[in-house]
Amino acid sequence: MDCNIVKDLIPLYIDGCCSSESAKTVEDHISKCQECRELLEIMKTPANIEEETIPNKFGRINLWKASVLQSVLLFVAFGLIAIGVAMEARTPLGLLNGYWAFNLVVPATGLLLSLTTWYFVRLFRNKKRFSDACSLITLAIIICAWIWAMMHYEASFINEPEILFASILLNSMGIALTVIFCFLSKVLSNKYAKLLGKE
Ligand SMILES: [Zn+2]
């Protein structure tokens with residue numbers, strides 16, 4: 001059998017796409033021909049896999065978009081924290097003490113820290129599970145930050161219903177931002193996972 005014909009058949013043989021007669025022909029030939037045997041070994045080795053791990057042009061554009069999305073969110077969240085801290089510093093002590101901490105710094109901190117979850121995207125089975133986890137983690141971090149802020153400002157309204165009601169009104173912006181950030185976290189993490197090729 002001519003080597004050139006076998007060389008044409010080798011890719012089909014590796015993929016298991018040729019007929020059993022062709023497969024037998026290839027096997028018979030490579031048992032006798034060292035050159036074709038070596039070619040088969042080379043084509044079987046993971047050179048092809050290496051090529052697949054290097055993203056194509058389309059894949060690279062999506063990787064760019066995903067990284068830009070993550071970076072923009074980091075900057076936005078950090079910017080909101082910086083604004084909140086600056087506003088808080090300008091707020092005089094009194095009833096409004098802690099207003100900007102609770103209403104802006106706490107939810108923005110949750111958004112910022114929830115982005116660490118994005119590094120674990122490959123561990124999730126699909127993009128829905130990932131985005132659900134992201135929004136829950138955002139909520140969990142905001143609640144932790146809220147508890148921390150309550151301890152820091154020694155908030156003691158829990159025992160007094162009227163003050164509790166006033167506090168909820170006073171913190172309505174923070175509550176609204178918590179809902180918005182959890183929703184944003186879900187939508188954008190889903191988009192991020194999609195860009196990285198998650199089903
Ligand atoms: Zn040969």
# chains A, B, ... in the order shown; residues from 1 in each chain; ligands from 1
>>> closest_atom_pairs(of="chain A", to="ligand 1", cutoff="7 Å", atoms="only C-alpha atoms and all ligand atoms", output="Markdown table")
| residue | atom | partner | partner_atom_place_in_ligand_line | distance |
| --- | --- | --- | --- | --- |
| A:Asp2 | CA | ligand 1 | 1 (Zn) | 6.6 |
| A:Cys3 | CA | ligand 1 | 1 (Zn) | 3.8 |
| A:Val6 | CA | ligand 1 | 1 (Zn) | 6.5 |
| A:His29 | CA | ligand 1 | 1 (Zn) | 6.3 |
| A:Ile30 | CA | ligand 1 | 1 (Zn) | 6.3 |
| A:Cys33 | CA | ligand 1 | 1 (Zn) | 4.6 |
| A:Gln34 | CA | ligand 1 | 1 (Zn) | 6.8 |
| A:Glu35 | CA | ligand 1 | 1 (Zn) | 5.6 |
| A:Cys36 | CA | ligand 1 | 1 (Zn) | 4.3 |
>>> write_last_selection(atoms="N, CA and C atoms", output="mmCIF file, in the first residue's frame")
data_model
loop_
_atom_site.group_PDB
_atom_site.id
_atom_site.type_symbol
_atom_site.label_atom_id
_atom_site.label_comp_id
_atom_site.auth_asym_id
_atom_site.auth_seq_id
_atom_site.Cartn_x
_atom_site.Cartn_y
_atom_site.Cartn_z
ATOM 1 N N ASP A 2 0.413 2.227 -0.762
ATOM 2 C CA ASP A 2 1.190 3.458 -0.895
ATOM 3 C C ASP A 2 1.137 4.287 0.393
ATOM 4 N N CYS A 3 2.301 4.764 0.824
ATOM 5 C CA CYS A 3 2.387 5.571 2.050
ATOM 6 C C CYS A 3 1.486 6.804 1.994
ATOM 7 N N VAL A 6 -1.986 6.039 2.944
ATOM 8 C CA VAL A 6 -2.068 5.809 4.402
ATOM 9 C C VAL A 6 -2.008 7.134 5.152
ATOM 10 N N HIS A 29 -0.436 -1.582 7.445
ATOM 11 C CA HIS A 29 0.660 -0.807 6.867
ATOM 12 C C HIS A 29 1.630 -0.304 7.938
ATOM 13 N N ILE A 30 1.088 0.242 9.010
ATOM 14 C CA ILE A 30 2.000 0.824 10.018
ATOM 15 C C ILE A 30 2.779 -0.252 10.763
ATOM 16 N N CYS A 33 5.584 -0.283 8.181
ATOM 17 C CA CYS A 33 6.266 0.934 7.734
ATOM 18 C C CYS A 33 6.540 1.850 8.923
ATOM 19 N N GLN A 34 7.810 2.027 9.197
ATOM 20 C CA GLN A 34 8.170 2.829 10.374
ATOM 21 C C GLN A 34 7.811 4.303 10.198
ATOM 22 N N GLU A 35 7.995 4.812 8.986
ATOM 23 C CA GLU A 35 7.729 6.223 8.730
ATOM 24 C C GLU A 35 6.265 6.571 9.040
ATOM 25 N N CYS A 36 5.353 5.729 8.561
ATOM 26 C CA CYS A 36 3.927 5.993 8.797
ATOM 27 C C CYS A 36 3.574 5.783 10.255
#
>>> residues_around(residues="Val76 (chain A)", least_positions_apart="4", cutoff="9 Å", atoms="only C-alpha atoms", output="PyMOL selection string")
chain A and resi 71-72+80-81+108+112
>>> write_last_selection(atoms="N, CA and C atoms", output="compact mmCIF listing (two decimals), in the first residue's frame")
# COMPACT_ATOMS: atom_id res chain seq x y z
N SER A 71 -13.25 44.22 35.06
CA SER A 71 -12.46 45.38 35.48
C SER A 71 -13.34 46.61 35.68
N VAL A 72 -14.27 46.83 34.74
CA VAL A 72 -15.17 48.00 34.86
C VAL A 72 -15.97 47.91 36.15
N LEU A 80 -17.71 53.82 43.99
CA LEU A 80 -18.86 54.05 44.87
C LEU A 80 -18.44 54.02 46.33
N ILE A 81 -17.52 53.09 46.67
CA ILE A 81 -17.03 53.03 48.05
C ILE A 81 -16.29 54.33 48.40
N ALA A 108 -21.93 48.65 48.18
CA ALA A 108 -20.86 48.67 47.17
C ALA A 108 -19.73 47.72 47.55
N LEU A 112 -18.28 44.74 45.28
CA LEU A 112 -16.84 44.63 45.01
C LEU A 112 -16.31 43.25 45.40
>>> residues_around(residues="Asn97 (chain A)", least_positions_apart="4", cutoff="9 Å", atoms="only C-alpha atoms", output="NGL selection string")
:A and (88 or 91-93 or 101 or 153)
>>> write_last_selection(atoms="C-alpha atoms", output="short mmCIF file (atom, residue, chain, number, x, y, z; two decimals), in the first residue's frame")
data_model
loop_
_atom_site.label_atom_id
_atom_site.label_comp_id
_atom_site.auth_asym_id
_atom_site.auth_seq_id
_atom_site.Cartn_x
_atom_site.Cartn_y
_atom_site.Cartn_z
CA GLU A 88 -19.53 59.89 55.37
CA THR A 91 -21.50 64.05 57.59
CA PRO A 92 -21.61 65.60 61.07
CA LEU A 93 -22.17 63.35 64.07
CA ALA A 101 -21.73 53.96 55.35
CA TYR A 153 -21.72 52.51 64.70
#
>>> residues_around(residues="Ile142 (chain A)", least_positions_apart="6", cutoff="9 Å", atoms="only C-alpha atoms", output="PyMOL selection string")
chain A and resi 106-111+178
>>> write_last_selection(atoms="C-alpha atoms", output="compact mmCIF listing (two decimals), in the first residue's frame")
# COMPACT_ATOMS: atom_id res chain seq x y z
CA VAL A 106 -21.97 48.60 52.61
CA PRO A 107 -23.80 47.58 49.39
CA ALA A 108 -20.86 48.67 47.17
CA THR A 109 -18.49 46.59 49.32
CA GLY A 110 -20.74 43.58 48.73
CA LEU A 111 -20.62 44.19 44.98
CA THR A 178 -28.68 45.83 47.86
>>> select_by_dssp(residues="region 112-188 of chain A", states="alpha helix (DSSP H)", output="PyMOL selection string")
chain A and resi 112-114+127-152+161-170+172-188
>>> atom_distance(atom1="CA of Lys44 (chain A)", atom2="CA of Ile14 (chain A)")
6.9 Å
>>> decode(residues="region 14-133 of chain A", atoms="C-alpha atoms", output="CSV table (one decimal), in the first residue's frame")
chain,number,residue,atom,x,y,z
A,14,ILE,CA,-7.3,8.7,14.7
A,15,ASP,CA,-10.8,10.2,14.8
A,16,GLY,CA,-12.3,6.7,14.2
A,17,CYS,CA,-14.1,8.0,11.1
A,18,CYS,CA,-12.9,5.5,8.6
A,19,SER,CA,-14.4,2.1,7.7
A,20,SER,CA,-13.1,-1.1,9.3
A,21,GLU,CA,-11.4,-2.1,6.1
A,22,SER,CA,-9.5,1.2,5.9
A,23,ALA,CA,-8.6,0.9,9.6
A,24,LYS,CA,-7.3,-2.6,9.0
A,25,THR,CA,-5.3,-1.4,6.0
A,26,VAL,CA,-3.7,1.4,8.1
A,27,GLU,CA,-2.9,-1.0,10.9
A,28,ASP,CA,-1.4,-3.5,8.5
A,29,HIS,CA,0.7,-0.8,6.9
A,30,ILE,CA,2.0,0.8,10.0
A,31,SER,CA,3.0,-2.6,11.4
A,32,LYS,CA,5.5,-2.7,8.5
A,33,CYS,CA,6.3,0.9,7.7
A,34,GLN,CA,8.2,2.8,10.4
A,35,GLU,CA,7.7,6.2,8.7
A,36,CYS,CA,3.9,6.0,8.8
A,37,ARG,CA,4.0,4.6,12.3
A,38,GLU,CA,6.0,7.6,13.5
A,39,LEU,CA,3.6,9.9,11.7
A,40,LEU,CA,0.6,8.3,13.5
A,41,GLU,CA,2.3,8.7,16.9
A,42,ILE,CA,3.1,12.4,16.1
A,43,MET,CA,-0.5,13.1,15.1
A,44,LYS,CA,-1.9,11.2,18.1
A,45,THR,CA,0.2,13.3,20.6
A,46,PRO,CA,-1.5,16.3,22.2
A,47,ALA,CA,-0.3,18.9,19.7
A,48,ASN,CA,-3.9,19.3,18.7
A,49,ILE,CA,-5.1,19.7,22.3
A,50,GLU,CA,-2.5,22.5,22.7
A,51,GLU,CA,-4.0,24.3,19.7
A,52,GLU,CA,-7.5,24.1,21.2
A,53,THR,CA,-6.4,25.7,24.5
A,54,ILE,CA,-5.0,28.7,22.6
A,55,PRO,CA,-8.3,30.6,21.9
A,56,ASN,CA,-9.1,31.5,18.3
A,57,LYS,CA,-9.7,35.1,17.3
A,58,PHE,CA,-13.4,35.0,18.3
A,59,GLY,CA,-12.5,33.4,21.7
A,60,ARG,CA,-9.9,36.0,22.4
A,61,ILE,CA,-12.4,38.8,21.7
A,62,ASN,CA,-14.8,37.2,24.2
A,63,LEU,CA,-12.0,36.8,26.7
A,64,TRP,CA,-11.2,40.6,26.3
A,65,LYS,CA,-14.9,41.5,26.8
A,66,ALA,CA,-15.1,39.3,29.9
A,67,SER,CA,-12.0,40.8,31.4
A,68,VAL,CA,-13.1,44.4,30.6
A,69,LEU,CA,-16.5,43.7,32.2
A,70,GLN,CA,-14.9,42.4,35.4
A,71,SER,CA,-12.5,45.4,35.5
A,72,VAL,CA,-15.2,48.0,34.9
A,73,LEU,CA,-17.3,46.5,37.7
A,74,LEU,CA,-14.3,46.6,40.0
A,75,PHE,CA,-13.7,50.3,39.2
A,76,VAL,CA,-17.3,51.2,39.6
A,77,ALA,CA,-17.7,49.4,42.9
A,78,PHE,CA,-14.5,50.9,44.2
A,79,GLY,CA,-15.5,54.4,43.0
A,80,LEU,CA,-18.9,54.1,44.9
A,81,ILE,CA,-17.0,53.0,48.1
A,82,ALA,CA,-14.7,56.0,47.7
A,83,ILE,CA,-17.6,58.4,47.2
A,84,GLY,CA,-19.5,56.8,50.2
A,85,VAL,CA,-16.4,57.2,52.5
A,86,ALA,CA,-15.9,60.8,51.4
A,87,MET,CA,-19.6,61.7,52.0
A,88,GLU,CA,-19.5,59.9,55.4
A,89,ALA,CA,-16.5,61.9,56.4
A,90,ARG,CA,-18.4,65.1,55.7
A,91,THR,CA,-21.5,64.0,57.6
A,92,PRO,CA,-21.6,65.6,61.1
A,93,LEU,CA,-22.2,63.4,64.1
A,94,GLY,CA,-25.8,63.0,65.0
A,95,LEU,CA,-28.8,61.3,63.5
A,96,LEU,CA,-27.2,61.0,60.0
A,97,ASN,CA,-24.0,59.4,61.5
A,98,GLY,CA,-23.4,56.3,59.4
A,99,TYR,CA,-25.9,57.3,56.7
A,100,TRP,CA,-23.5,57.0,53.8
A,101,ALA,CA,-21.7,54.0,55.3
A,102,PHE,CA,-25.0,52.0,55.5
A,103,ASN,CA,-26.5,53.3,52.3
A,104,LEU,CA,-23.6,53.3,49.9
A,105,VAL,CA,-20.3,51.8,51.3
A,106,VAL,CA,-22.0,48.6,52.6
A,107,PRO,CA,-23.8,47.6,49.4
A,108,ALA,CA,-20.9,48.7,47.2
A,109,THR,CA,-18.5,46.6,49.3
A,110,GLY,CA,-20.7,43.6,48.7
A,111,LEU,CA,-20.6,44.2,45.0
A,112,LEU,CA,-16.8,44.6,45.0
A,113,LEU,CA,-16.1,41.5,47.1
A,114,SER,CA,-18.6,39.4,45.2
A,115,LEU,CA,-16.3,39.7,42.2
A,116,THR,CA,-13.9,37.4,43.8
A,117,THR,CA,-16.4,34.6,43.0
A,118,TRP,CA,-15.8,35.3,39.3
A,119,TYR,CA,-12.3,33.7,39.7
A,120,PHE,CA,-14.1,30.4,40.4
A,121,VAL,CA,-16.3,30.4,37.3
A,122,ARG,CA,-14.7,27.3,35.9
A,123,LEU,CA,-15.7,25.2,38.9
A,124,PHE,CA,-19.4,25.8,38.2
A,125,ARG,CA,-21.4,23.3,36.1
A,126,ASN,CA,-23.2,25.9,34.1
A,127,LYS,CA,-23.7,29.7,33.9
A,128,LYS,CA,-27.1,29.6,35.7
A,129,ARG,CA,-25.6,28.0,38.8
A,130,PHE,CA,-22.7,30.4,38.6
A,131,SER,CA,-24.9,33.5,38.4
A,132,ASP,CA,-27.2,32.2,41.2
A,133,ALA,CA,-24.2,31.7,43.4
